[in-house]
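Undergrad: Provided below: query.txt, containing compact mmCIF, C-alpha atoms.
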```txt
# COMPACT_ATOMS: atom_id res chain seq x y z
CA MET A 1 97.36 103.11 123.36
CA GLY A 2 98.38 106.53 122.12
CA GLY A 3 100.70 106.86 119.20
CA VAL A 4 104.39 107.62 119.46
CA LEU A 5 103.75 109.84 116.45
CA GLU A 6 100.53 111.64 115.68
CA LEU A 7 99.85 113.88 112.75
CA ARG A 8 96.58 115.72 113.26
CA ALA A 9 95.16 117.27 110.11
CA ALA A 10 98.64 118.40 109.16
CA HIS A 11 98.90 120.94 106.36
CA ARG A 12 102.06 122.22 104.72
CA THR A 13 101.78 124.97 102.18
CA HIS A 14 104.76 126.58 100.50
CA GLY A 15 104.29 130.15 99.30
CA ALA A 16 101.02 132.02 99.27
CA GLY A 17 98.23 133.19 97.00
CA GLU A 18 98.28 132.10 93.38
CA ALA A 19 101.72 130.55 93.67
CA ALA A 20 100.93 128.51 96.80
CA VAL A 21 101.91 124.86 96.66
CA HIS A 22 99.97 122.57 98.96
CA ALA A 23 102.44 119.81 99.77
CA LEU A 24 100.21 118.26 102.43
CA ARG A 25 96.51 118.89 102.78
CA GLY A 26 95.13 117.69 106.08
CA VAL A 27 96.97 114.45 106.77
CA SER A 28 96.11 112.55 109.95
CA LEU A 29 98.21 109.55 110.87
CA THR A 30 98.97 107.75 114.12
CA VAL A 31 101.92 105.40 114.50
CA SER A 32 102.07 103.33 117.68
CA ALA A 33 104.99 101.67 119.42
CA GLY A 34 105.80 98.37 117.71
CA GLU A 35 104.24 99.51 114.46
CA LEU A 36 105.96 100.11 111.14
CA VAL A 37 103.97 102.22 108.71
CA ALA A 38 105.04 102.55 105.09
CA VAL A 39 104.09 105.65 103.13
CA MET A 40 103.85 105.13 99.40
CA GLY A 41 103.13 107.59 96.66
CA PRO A 42 104.49 108.98 93.41
CA SER A 43 107.08 111.76 93.33
CA GLY A 44 105.55 115.02 94.48
CA SER A 45 102.77 113.35 96.46
CA GLY A 46 104.09 114.77 99.74
CA LYS A 47 105.97 111.76 101.16
CA SER A 48 109.14 113.62 102.07
CA THR A 49 107.19 116.57 103.45
CA LEU A 50 105.29 114.18 105.69
CA LEU A 51 108.53 112.73 106.99
CA ALA A 52 110.09 116.17 107.53
CA LEU A 53 107.07 117.23 109.60
CA ALA A 54 107.10 113.99 111.58
CA GLY A 55 110.75 114.49 112.41
CA GLY A 56 110.46 118.13 113.40
CA LEU A 57 112.70 119.19 110.50
CA ASP A 58 109.88 121.31 109.12
CA ARG A 59 106.78 122.83 110.70
CA PRO A 60 103.20 122.41 109.55
CA THR A 61 101.32 125.49 108.33
CA GLY A 62 98.16 124.00 109.82
CA GLY A 63 97.26 121.15 112.15
CA GLU A 64 99.56 119.55 114.66
CA VAL A 65 102.45 117.09 114.97
CA VAL A 66 102.79 115.26 118.28
CA VAL A 67 105.76 113.08 119.24
CA GLU A 68 105.40 111.06 122.44
CA GLY A 69 102.75 113.40 123.71
CA GLU A 70 104.64 116.63 122.95
CA SER A 71 103.21 118.94 120.37
CA LEU A 72 106.16 120.08 118.27
CA GLY A 73 104.52 123.40 117.48
CA GLY A 74 104.72 124.45 121.12
CA LEU A 75 108.46 123.79 121.51
CA SER A 76 111.20 126.37 121.31
CA ALA A 77 113.84 125.80 118.64
CA ARG A 78 116.20 124.58 121.32
CA ASP A 79 113.74 122.08 122.85
CA LEU A 80 112.82 120.87 119.40
CA ALA A 81 116.48 120.25 118.59
CA ARG A 82 116.87 118.29 121.80
CA LEU A 83 113.78 116.20 121.09
CA ARG A 84 115.12 115.47 117.61
CA ARG A 85 118.44 114.30 118.99
CA ARG A 86 117.02 112.18 121.78
CA ARG A 87 113.81 110.72 120.54
CA ILE A 88 113.97 110.54 116.78
CA GLY A 89 116.24 108.49 114.56
CA TYR A 90 116.64 109.32 110.88
CA VAL A 91 117.78 106.95 108.16
CA PHE A 92 118.09 108.75 104.87
CA GLN A 93 119.15 107.75 101.43
CA ASP A 94 122.27 109.86 101.70
CA LEU A 95 124.20 108.37 104.53
CA ASN A 96 125.80 111.60 105.75
CA LEU A 97 128.50 109.82 107.70
CA LEU A 98 131.37 112.15 108.50
CA GLY A 99 134.41 110.99 106.59
CA SER A 100 136.90 112.23 109.16
CA LEU A 101 135.35 110.18 111.99
CA THR A 102 135.47 106.42 112.53
CA ALA A 103 132.29 104.33 112.64
CA VAL A 104 132.05 104.41 116.41
CA GLU A 105 132.77 108.17 116.51
CA ASN A 106 130.04 108.80 113.95
CA VAL A 107 127.54 106.86 116.04
CA ALA A 108 128.63 108.48 119.32
CA LEU A 109 128.45 112.01 117.92
CA PRO A 110 124.73 112.72 118.52
CA LEU A 111 125.06 111.49 122.11
CA GLU A 112 128.06 113.71 122.71
CA LEU A 113 126.27 116.68 121.17
CA ASP A 114 123.53 115.94 123.63
CA GLY A 115 125.94 116.19 126.55
CA ALA A 116 126.77 112.55 127.22
CA GLY A 117 130.29 111.81 128.46
CA VAL A 118 132.78 110.55 125.88
CA ARG A 119 133.06 107.13 127.48
CA ALA A 120 129.35 106.59 128.00
CA ALA A 121 128.70 107.73 124.43
CA ARG A 122 131.32 105.31 123.10
CA ARG A 123 129.83 102.46 125.10
CA SER A 124 126.33 103.13 123.74
CA ALA A 125 127.75 103.51 120.23
CA LEU A 126 129.50 100.15 120.40
CA ALA A 127 126.28 98.51 121.56
CA ALA A 128 124.40 100.12 118.67
CA LEU A 129 127.01 98.88 116.18
CA ALA A 130 126.73 95.39 117.64
CA GLU A 131 122.98 95.51 117.22
CA VAL A 132 123.41 95.99 113.48
CA ASP A 133 126.17 93.35 113.31
CA VAL A 134 129.11 95.64 112.50
CA ALA A 135 130.83 95.80 115.89
CA GLY A 136 134.03 94.70 114.17
CA LEU A 137 134.13 97.85 112.03
CA ALA A 138 134.06 100.31 114.94
CA ASP A 139 137.46 101.85 114.19
CA ARG A 140 137.19 102.04 110.41
CA PHE A 141 136.59 105.21 108.49
CA PRO A 142 133.63 105.39 106.08
CA ASP A 143 135.84 105.09 102.98
CA GLN A 144 137.19 101.79 104.35
CA MET A 145 133.73 100.22 104.34
CA SER A 146 131.34 98.93 101.66
CA GLY A 147 128.09 100.77 100.93
CA GLY A 148 126.11 98.17 102.87
CA GLN A 149 128.41 98.48 105.88
CA GLN A 150 128.18 102.28 105.79
CA GLN A 151 124.41 102.06 105.73
CA ARG A 152 124.50 99.80 108.79
CA VAL A 153 126.63 102.35 110.61
CA ALA A 154 124.18 105.09 109.60
CA ILE A 155 121.36 102.98 111.01
CA ALA A 156 123.27 102.40 114.22
CA ARG A 157 123.63 106.18 114.50
CA ALA A 158 119.89 106.58 113.92
CA LEU A 159 119.05 104.00 116.57
CA VAL A 160 121.62 104.76 119.25
CA GLY A 161 120.23 105.66 122.66
CA GLU A 162 116.58 105.62 123.58
CA ARG A 163 114.97 106.66 120.34
CA ARG A 164 111.46 105.48 120.00
CA LEU A 165 110.60 107.01 116.65
CA VAL A 166 112.55 105.91 113.59
CA LEU A 167 112.01 107.72 110.29
CA ALA A 168 113.40 106.23 107.11
CA ASP A 169 113.37 107.79 103.65
CA GLU A 170 114.22 105.26 100.92
CA PRO A 171 116.78 103.81 103.32
CA THR A 172 118.10 101.20 100.92
CA GLY A 173 119.30 103.83 98.45
CA ALA A 174 121.63 102.34 95.90
CA LEU A 175 122.27 99.11 97.81
CA ASP A 176 121.86 95.78 96.04
CA SER A 177 118.78 93.76 96.87
CA GLN A 178 120.45 91.60 99.53
CA ALA A 179 122.02 94.53 101.38
CA GLY A 180 118.78 96.47 101.00
CA GLU A 181 116.82 93.63 102.50
CA ALA A 182 119.23 93.51 105.45
CA VAL A 183 118.54 97.20 106.11
CA LEU A 184 114.79 96.57 106.22
CA HIS A 185 115.33 93.57 108.42
CA LEU A 186 117.14 95.80 110.92
CA LEU A 187 114.42 98.40 110.81
CA ARG A 188 111.80 95.71 111.38
CA ARG A 189 113.76 94.30 114.30
CA ARG A 190 113.99 97.69 115.95
CA VAL A 191 110.27 98.25 115.57
CA ASP A 192 109.49 94.79 116.90
CA ALA A 193 111.58 95.73 119.93
CA GLY A 194 109.18 98.61 120.66
CA ALA A 195 110.00 101.56 118.41
CA ALA A 196 107.51 103.25 116.11
CA GLY A 197 108.68 103.42 112.51
CA VAL A 198 107.74 105.36 109.39
CA LEU A 199 109.20 104.18 106.10
CA VAL A 200 108.83 106.32 103.01
CA THR A 201 109.38 104.36 99.83
CA HIS A 202 108.16 103.92 96.30
CA GLU A 203 109.19 100.27 96.27
CA ALA A 204 106.35 97.89 97.03
CA ARG A 205 108.76 95.16 98.06
CA HIS A 206 110.13 97.39 100.80
CA ALA A 207 106.72 98.57 101.91
CA GLY A 208 105.88 94.88 102.31
CA TRP A 209 107.83 94.92 105.56
CA ALA A 210 105.34 97.30 107.14
CA ASP A 211 102.34 96.51 109.32
CA ARG A 212 100.31 99.08 107.46
CA VAL A 213 100.80 100.82 104.13
CA VAL A 214 99.26 104.21 103.49
CA PHE A 215 98.98 105.79 100.06
CA LEU A 216 99.58 109.47 99.53
CA ARG A 217 98.29 111.33 96.47
CA ASP A 218 98.63 115.08 95.95
CA GLY A 219 99.12 115.69 99.65
CA VAL A 220 96.17 113.59 100.82
CA LEU A 221 96.06 110.06 102.26
CA VAL A 222 93.79 108.21 99.88
CA ASP A 223 93.90 104.67 101.16
CA SER A 224 95.48 102.30 103.62
CA THR A 225 95.91 98.56 103.82
CA ALA A 226 93.98 96.97 106.69
CA PRO A 227 96.16 95.94 109.63
CA LEU A 228 97.56 92.45 109.25
CA VAL A 229 95.95 89.58 111.03
CA GLY A 230 96.91 85.93 110.84
CA VAL A 231 98.21 84.52 107.60
CA GLU A 232 96.42 81.17 107.72
CA HIS A 233 94.01 82.09 104.96
CA LEU A 234 96.94 82.48 102.62
CA LEU A 235 97.81 78.85 103.04
CA SER A 236 94.32 77.54 102.53
CA GLY A 237 93.30 79.97 99.79
CA SER A 238 93.37 78.99 96.16
CA GLY A 239 95.03 82.22 95.06
CA ARG A 240 93.57 84.63 92.58
CA MET B 1 102.71 74.07 86.18
CA SER B 2 101.39 70.59 86.11
CA ILE B 3 100.78 68.48 89.15
CA ARG B 4 102.05 65.66 86.91
CA HIS B 5 105.59 66.97 86.93
CA GLY B 6 105.42 67.79 90.59
CA LEU B 7 104.56 64.20 91.39
CA LEU B 8 107.19 62.85 89.00
CA ALA B 9 109.83 65.00 90.69
CA LEU B 10 108.82 63.65 94.09
CA LEU B 11 108.86 60.04 92.88
CA GLU B 12 112.36 60.61 91.55
CA ARG B 13 113.41 60.73 95.23
CA GLY B 14 112.00 57.23 95.77
CA GLN B 15 108.74 55.28 95.73
CA MET B 16 105.81 56.79 97.60
CA TYR B 17 102.09 56.28 98.01
CA GLY B 18 99.34 58.83 97.55
CA TYR B 19 99.19 60.42 100.97
CA GLN B 20 102.96 60.67 101.15
CA LEU B 21 103.00 62.37 97.76
CA ARG B 22 100.41 64.88 98.83
CA SER B 23 102.21 65.89 101.99
CA ALA B 24 105.60 65.99 100.24
CA PHE B 25 104.10 68.19 97.51
CA GLU B 26 102.65 70.64 99.99
CA GLU B 27 105.85 70.66 101.99
CA SER B 28 107.96 71.54 98.98
CA THR B 29 105.70 74.39 97.92
CA GLY B 30 105.33 75.67 101.48
CA SER B 31 101.62 74.79 101.43
CA THR B 32 100.98 77.53 98.89
CA TRP B 33 99.46 74.99 96.63
CA PRO B 34 97.21 72.62 98.55
CA LEU B 35 96.28 69.40 96.75
CA ASN B 36 93.40 67.15 97.57
CA ILE B 37 94.00 63.45 97.62
CA GLY B 38 91.60 62.92 94.73
CA GLN B 39 93.81 65.08 92.48
CA VAL B 40 96.80 63.00 93.49
CA TYR B 41 95.12 59.69 92.62
CA THR B 42 93.65 60.83 89.30
CA THR B 43 97.03 62.24 88.31
CA LEU B 44 98.78 59.01 89.30
CA ALA B 45 96.26 57.03 87.23
CA ARG B 46 96.99 59.16 84.15
CA LEU B 47 100.73 58.92 84.70
CA GLU B 48 100.45 55.15 84.91
CA ARG B 49 98.31 55.05 81.75
CA ASP B 50 101.04 57.03 79.95
CA GLY B 51 103.75 54.71 81.23
CA LEU B 52 105.49 57.38 83.31
CA VAL B 53 104.95 55.68 86.67
CA ARG B 54 104.31 52.10 87.72
CA SER B 55 102.20 50.93 90.67
CA LEU B 56 103.73 48.39 93.01
CA PRO B 57 102.03 45.69 95.05
CA GLU B 58 100.06 46.93 98.03
CA SER B 59 101.82 46.99 101.36
CA GLU B 60 100.39 45.15 104.34
CA GLY B 61 98.79 48.38 105.48
CA GLY B 62 96.87 48.51 102.18
CA GLN B 63 98.98 51.37 100.75
CA ARG B 64 99.92 51.14 97.10
CA PRO B 65 103.30 52.72 96.40
CA TYR B 66 104.27 54.10 93.01
CA GLU B 67 107.65 54.35 91.35
CA ILE B 68 108.87 56.43 88.43
CA THR B 69 109.71 54.65 85.15
CA ASP B 70 112.51 55.47 82.70
CA ALA B 71 109.97 57.18 80.46
CA GLY B 72 108.88 59.20 83.51
CA ARG B 73 112.47 60.23 84.19
CA ALA B 74 112.89 61.35 80.58
CA ASP B 75 109.68 63.38 80.79
CA LEU B 76 110.81 64.98 84.03
CA ALA B 77 114.24 65.85 82.59
CA LEU B 78 112.52 67.46 79.61
CA TRP B 79 110.28 69.49 81.92
CA PHE B 80 113.22 70.83 83.89
CA ALA B 81 115.05 71.63 80.64
CA THR B 82 112.15 73.50 79.00
CA PRO B 83 111.29 77.09 79.92
CA ILE B 84 107.67 77.75 80.80
CA SER B 85 105.95 79.58 77.98
CA ARG B 86 104.07 82.69 78.97
CA ALA B 87 101.29 81.63 76.63
CA ASP B 88 100.67 78.56 78.79
CA ARG B 89 99.76 80.67 81.78
CA PRO B 90 96.20 81.63 82.48
CA ARG B 91 95.07 84.91 81.01
CA ASP B 92 95.64 87.82 83.30
CA GLU B 93 92.20 88.80 84.50
CA LEU B 94 93.45 92.03 86.05
CA SER B 95 94.85 93.54 82.86
CA ILE B 96 91.68 92.62 81.01
CA LYS B 97 89.60 94.16 83.77
CA LEU B 98 91.52 97.44 83.58
CA ALA B 99 91.33 97.58 79.82
CA LEU B 100 87.57 97.13 80.05
CA ALA B 101 87.28 99.64 82.90
CA LEU B 102 88.82 102.28 80.63
CA THR B 103 86.22 101.79 77.96
CA THR B 104 83.16 101.11 80.09
CA PRO B 105 81.10 104.24 80.86
CA GLY B 106 80.64 105.11 84.52
CA VAL B 107 83.62 103.13 85.85
CA ASP B 108 86.11 105.04 88.03
CA VAL B 109 89.34 103.54 86.74
CA ARG B 110 91.51 105.21 89.35
CA SER B 111 89.54 103.62 92.12
CA VAL B 112 89.77 100.23 90.39
CA VAL B 113 93.55 100.75 90.34
CA GLN B 114 93.72 101.81 93.98
CA THR B 115 91.51 98.99 95.23
CA GLN B 116 93.73 96.49 93.50
CA ARG B 117 96.90 98.17 94.70
CA SER B 118 95.80 97.98 98.34
CA ALA B 119 94.85 94.32 97.98
CA THR B 120 98.09 93.39 96.24
CA MET B 121 100.14 95.42 98.71
CA ARG B 122 98.50 93.62 101.55
CA ALA B 123 99.29 90.23 100.04
CA LEU B 124 102.86 91.46 99.67
CA GLN B 125 102.95 92.35 103.37
CA GLU B 126 101.72 88.89 104.25
CA PHE B 127 104.29 87.16 102.04
CA THR B 128 107.02 89.32 103.57
CA ARG B 129 105.90 88.45 107.04
CA LEU B 130 105.93 84.73 106.23
CA LYS B 131 109.40 85.12 104.82
CA TYR B 132 110.61 87.01 107.88
CA ALA B 133 109.37 84.11 110.00
CA SER B 134 111.08 81.44 107.86
CA ASP B 135 114.75 82.02 108.45
CA LYS B 136 116.04 78.50 109.06
CA PRO B 137 118.38 76.99 106.45
CA GLU B 138 115.92 74.18 105.70
CA ASP B 139 113.30 76.81 104.84
CA LEU B 140 115.18 77.81 101.68
CA PRO B 141 112.85 76.15 99.11
CA TRP B 142 109.86 77.73 100.83
CA ARG B 143 111.58 81.12 100.99
CA LEU B 144 112.25 80.98 97.26
CA VAL B 145 108.59 80.22 96.59
CA LEU B 146 107.70 83.22 98.76
CA ASP B 147 110.23 85.37 96.90
CA ALA B 148 108.53 84.44 93.64
CA MET B 149 105.19 85.58 95.01
CA ILE B 150 106.78 88.75 96.42
CA PHE B 151 108.37 89.68 93.10
CA GLN B 152 105.13 88.97 91.22
CA ALA B 153 103.14 91.13 93.63
CA GLU B 154 105.77 93.86 93.36
CA ALA B 155 105.57 93.74 89.57
CA GLU B 156 101.81 94.08 89.76
CA VAL B 157 102.04 97.13 92.04
CA ARG B 158 104.59 98.72 89.70
CA TRP B 159 102.32 98.08 86.77
CA LEU B 160 99.39 99.62 88.66
CA ASP B 161 101.54 102.69 89.46
CA HIS B 162 102.36 102.89 85.78
CA CYS B 163 98.66 102.65 84.87
CA GLU B 164 97.87 105.45 87.27
CA THR B 165 100.47 107.84 85.86
CA SER B 166 99.26 107.00 82.36
CA LEU B 167 95.70 107.76 83.42
CA VAL B 168 96.71 111.18 84.72
CA ARG B 169 98.01 112.06 81.26
CA HIS B 170 95.17 110.35 79.45
CA ARG B 171 92.76 112.58 77.56
CA PRO B 172 90.01 110.41 76.18
CA ALA B 173 89.52 110.87 72.44
CA PRO B 174 86.31 112.76 71.63
CA SER B 175 83.64 110.11 71.40
CA ARG B 176 82.84 109.39 67.81
CA PRO B 177 79.18 109.18 66.92
CA VAL B 178 78.28 105.60 66.21
CA THR B 179 77.35 105.37 62.57
CA HIS B 180 74.49 103.04 61.88
CA PRO B 181 74.48 101.48 58.44
CA GLU B 182 70.84 102.55 57.88
CA ALA B 183 71.69 106.15 58.76
CA VAL B 184 74.38 106.14 56.10
CA ASP B 185 71.97 104.65 53.58
CA ARG B 186 69.40 107.30 54.39
CA ALA B 187 71.98 110.08 54.06
CA ASP B 188 73.03 108.64 50.72
CA GLU B 189 69.44 108.56 49.56
CA GLU B 190 68.94 112.16 50.65
CA ALA B 191 72.08 113.18 48.83
CA ARG B 192 70.85 111.47 45.69
CA ARG B 193 67.56 113.35 45.75
```
Please re-express this file's structure in structure tokens.

TA:
Amino acid sequence: MGGVLELRAAHRTHGAGEAAVHALRGVSLTVSAGELVAVMGPSGSGKSTLLALAGGLDRPTGGEVVVEGESLGGLSARDLARLRRRRIGYVFQDLNLLGSLTAVENVALPLELDGAGVRAARRSALAALAEVDVAGLADRFPDQMSGGQQQRVAIARALVGERRLVLADEPTGALDSQAGEAVLHLLRRRVDAGAAGVLVTHEARHAGWADRVVFLRDGVLVDSTAPLVGVEHLLSGSGR
Amino acid sequence: MSIRHGLLALLERGQMYGYQLRSAFEESTGSTWPLNIGQVYTTLARLERDGLVRSLPESEGGQRPYEITDAGRADLALWFATPISRADRPRDELSIKLALALTTPGVDVRSVVQTQRSATMRALQEFTRLKYASDKPEDLPWRLVLDAMIFQAEAEVRWLDHCETSLVRHRPAPSRPVTHPEAVDRADEEARR
């Protein structure tokens, strides 16, 4: 099965000549439907650049980024913007909820921008809020919600509609460990329901939710955990 | 921890025989710590010798139940009340291995770090998956055991990250020539001449 997301020898260089900074140097990565891949690495290793390329927020200087069979490099700015709105969900550390809109209006906004009718958008938004267990907060404004609730709304906005690629950059931000865990639980649930997910994090406990963990160093993937199989050996093993 | 105190804690719930103790022990640690029946019986024998449990007459099925004594209860209470000393835990082979890797010629320390990180990360993924699958209220003791393993694995990965950043900044001291005692003697002699 082909990947929902494919990075093919992706390079991203900022600047040129002596001053050039090679943020990514030939990264290849495939993420399939139903798979959550965590990207770990120290600051400056290229994690955020990788995510920006995967989400079409930045373009590679070499290689190719393919989302659901479409090479992003071949798209016009307008088509790329449409693909971003329809196919890709972003969950970032900064929630970026609009303070002047209610929860349901925040979630409906990308659908409306994409041309959906107000009613249909609201219906989808309510369903997305229900999926993250905050249907009851639909008419509240961001400043009337806790940080954990706001993050759920931001996730609902990232997941609303038919998005099959979910990109998360340290999505638990400043949340406490319980609320943070709930966020990862939601992400996992969405992936189990058929999305492809990429989670950038420096926290091993969060990366533990992934099916595969890849390690980035100086713009290069240096290692990856083998895909998980059964866990029976854990129970019969004697530990280290 | 000792199997002794595990068994005492189980007997505090009521009398049990060996096989029951083994399955109750594994149940309460979510099977992370399998016991063989031999360990259970030798531990029971020692507990009885020390007066902490008492064996009861065999049942008709030939099973011999054990019950906890007052001395056993006191020992158990003391165990729960006493923090576990870090010195009682086994030496950490990993930190020793890394320390040796740094000083052994020809060893690529960064790859030792990365190999361990991948292995520990993978264990962390497996623990997380087990936890994700154990969401019933009665799974709480098991989830807490898993959390302990998750936090330990996380701490190890953080420590490995820390080792790696330290290695990047590390400039090995210029290797000092090893001074042999005879060489010094000879130099002294030459100086005296």

Undergrad: Find the residues in chain B near chain A: any atom within 9 Å counts, using only C-alpha atoms. Write them as a list in words.

TA: Gly30, Ser31, Thr32, Trp33, Pro34, Gln114, Thr115, Ser118, Ala119, Met121, Arg122, Ala123, Leu124, Gln125, Glu126, Phe127, Thr128, Arg129, Leu130, Tyr132, Ile150, Phe151, Ala153, Glu154, Ala155, Val157, Arg158, Asp161 and Thr165 of chain B

Undergrad: Rounded to one decimal place, report the atom CA of B:Leu44-atom CA of B:Tyr66 distance in Å.

TA: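 These atoms are spaced 8.2 Å apart.
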
Undergrad: Which polymer residues have any atom within 10 Å of an atom of stretch 98-104 of chain A, counting all atoms listed in the file, with same-chain residues fewer than 2 positions away left out, as JSON, numbers by chain?

TA: {"A": [95, 96, 106, 107, 108, 109, 121, 122, 123, 124, 125, 126, 127, 128, 129, 134, 135, 136, 137, 138, 139, 140, 141, 142, 143, 144, 145, 149, 150, 152, 153, 154, 156, 157]}

Undergrad: Between atom CA of A:Glu68 and atom CA of A:Arg87, what is the distance, to one decimal in Å?

TA: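 Distance between the two atoms: 8.6 Å.
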
Undergrad: Select, counting all atoms listed in the file, all protein, DNA and RNA residues no farther than 10 Å from (103.6, 116.9, 119.5) in file coordinates, and express the selection as a PyMOL selection string.

TA: chain A and resi 4-8+54+56+64-75

Undergrad: Which residues, written as number ranges by chain, have at least one atom at most 7 Å from stretch 9-16 of chain A, with all atoms listed in the file counted and residues fewer than 5 positions away on the same chain left out?

TA: A: 21-28, 60-64

Undergrad: Dig up all the protein and nucleic acid residues within 7 Å of (107.5, 61.6, 84.2) in the file frame, using all atoms listed in the file, and format them as a list in words.

TA: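 I get His5, Leu8, Leu52, Val53, Ile68, Ala71, Gly72, Arg73, Ala74, Asp75 and Leu76 of chain B for the residues within 7 Å of that point.
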
Undergrad: Separation of atom CA of A:Pro110 and atom CA of A:Arg85, in Å?

TA: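 One can read the atom CA of A:Pro110 to atom CA of A:Arg85 distance as 6.5 Å.
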
Undergrad: Give me, as a compact mmCIF listing (two decimals) with C-alpha atoms, in the coordinates of the input, all polymer residues having an atom no more than 8 Å from stretch 17-22 of chain B, counting all atoms listed in the file and skipping those fewer than 4 positions away in the same chain.

TA:
```
# COMPACT_ATOMS: atom_id res chain seq x y z
CA LEU B 7 104.56 64.20 91.39
CA LEU B 10 108.82 63.65 94.09
CA LEU B 11 108.86 60.04 92.88
CA GLU B 26 102.65 70.64 99.99
CA LEU B 35 96.28 69.40 96.75
CA ASN B 36 93.40 67.15 97.57
CA ILE B 37 94.00 63.45 97.62
CA VAL B 40 96.80 63.00 93.49
CA TYR B 41 95.12 59.69 92.62
CA GLN B 63 98.98 51.37 100.75
CA ARG B 64 99.92 51.14 97.10
CA PRO B 65 103.30 52.72 96.40
CA TYR B 66 104.27 54.10 93.01
```

Undergrad: Output, as lines of an AutoDock Vina configuration file, the centre and edge lengths in Å (one decimal) of the axis-aligned box that contains all listed atoms of stretch 212-229 of chain A with 4 Å of margin on each side.

TA:
```
center_x = 97.3
center_y = 102.6
center_z = 103.5
size_x = 15.0
size_y = 34.1
size_z = 23.1
```
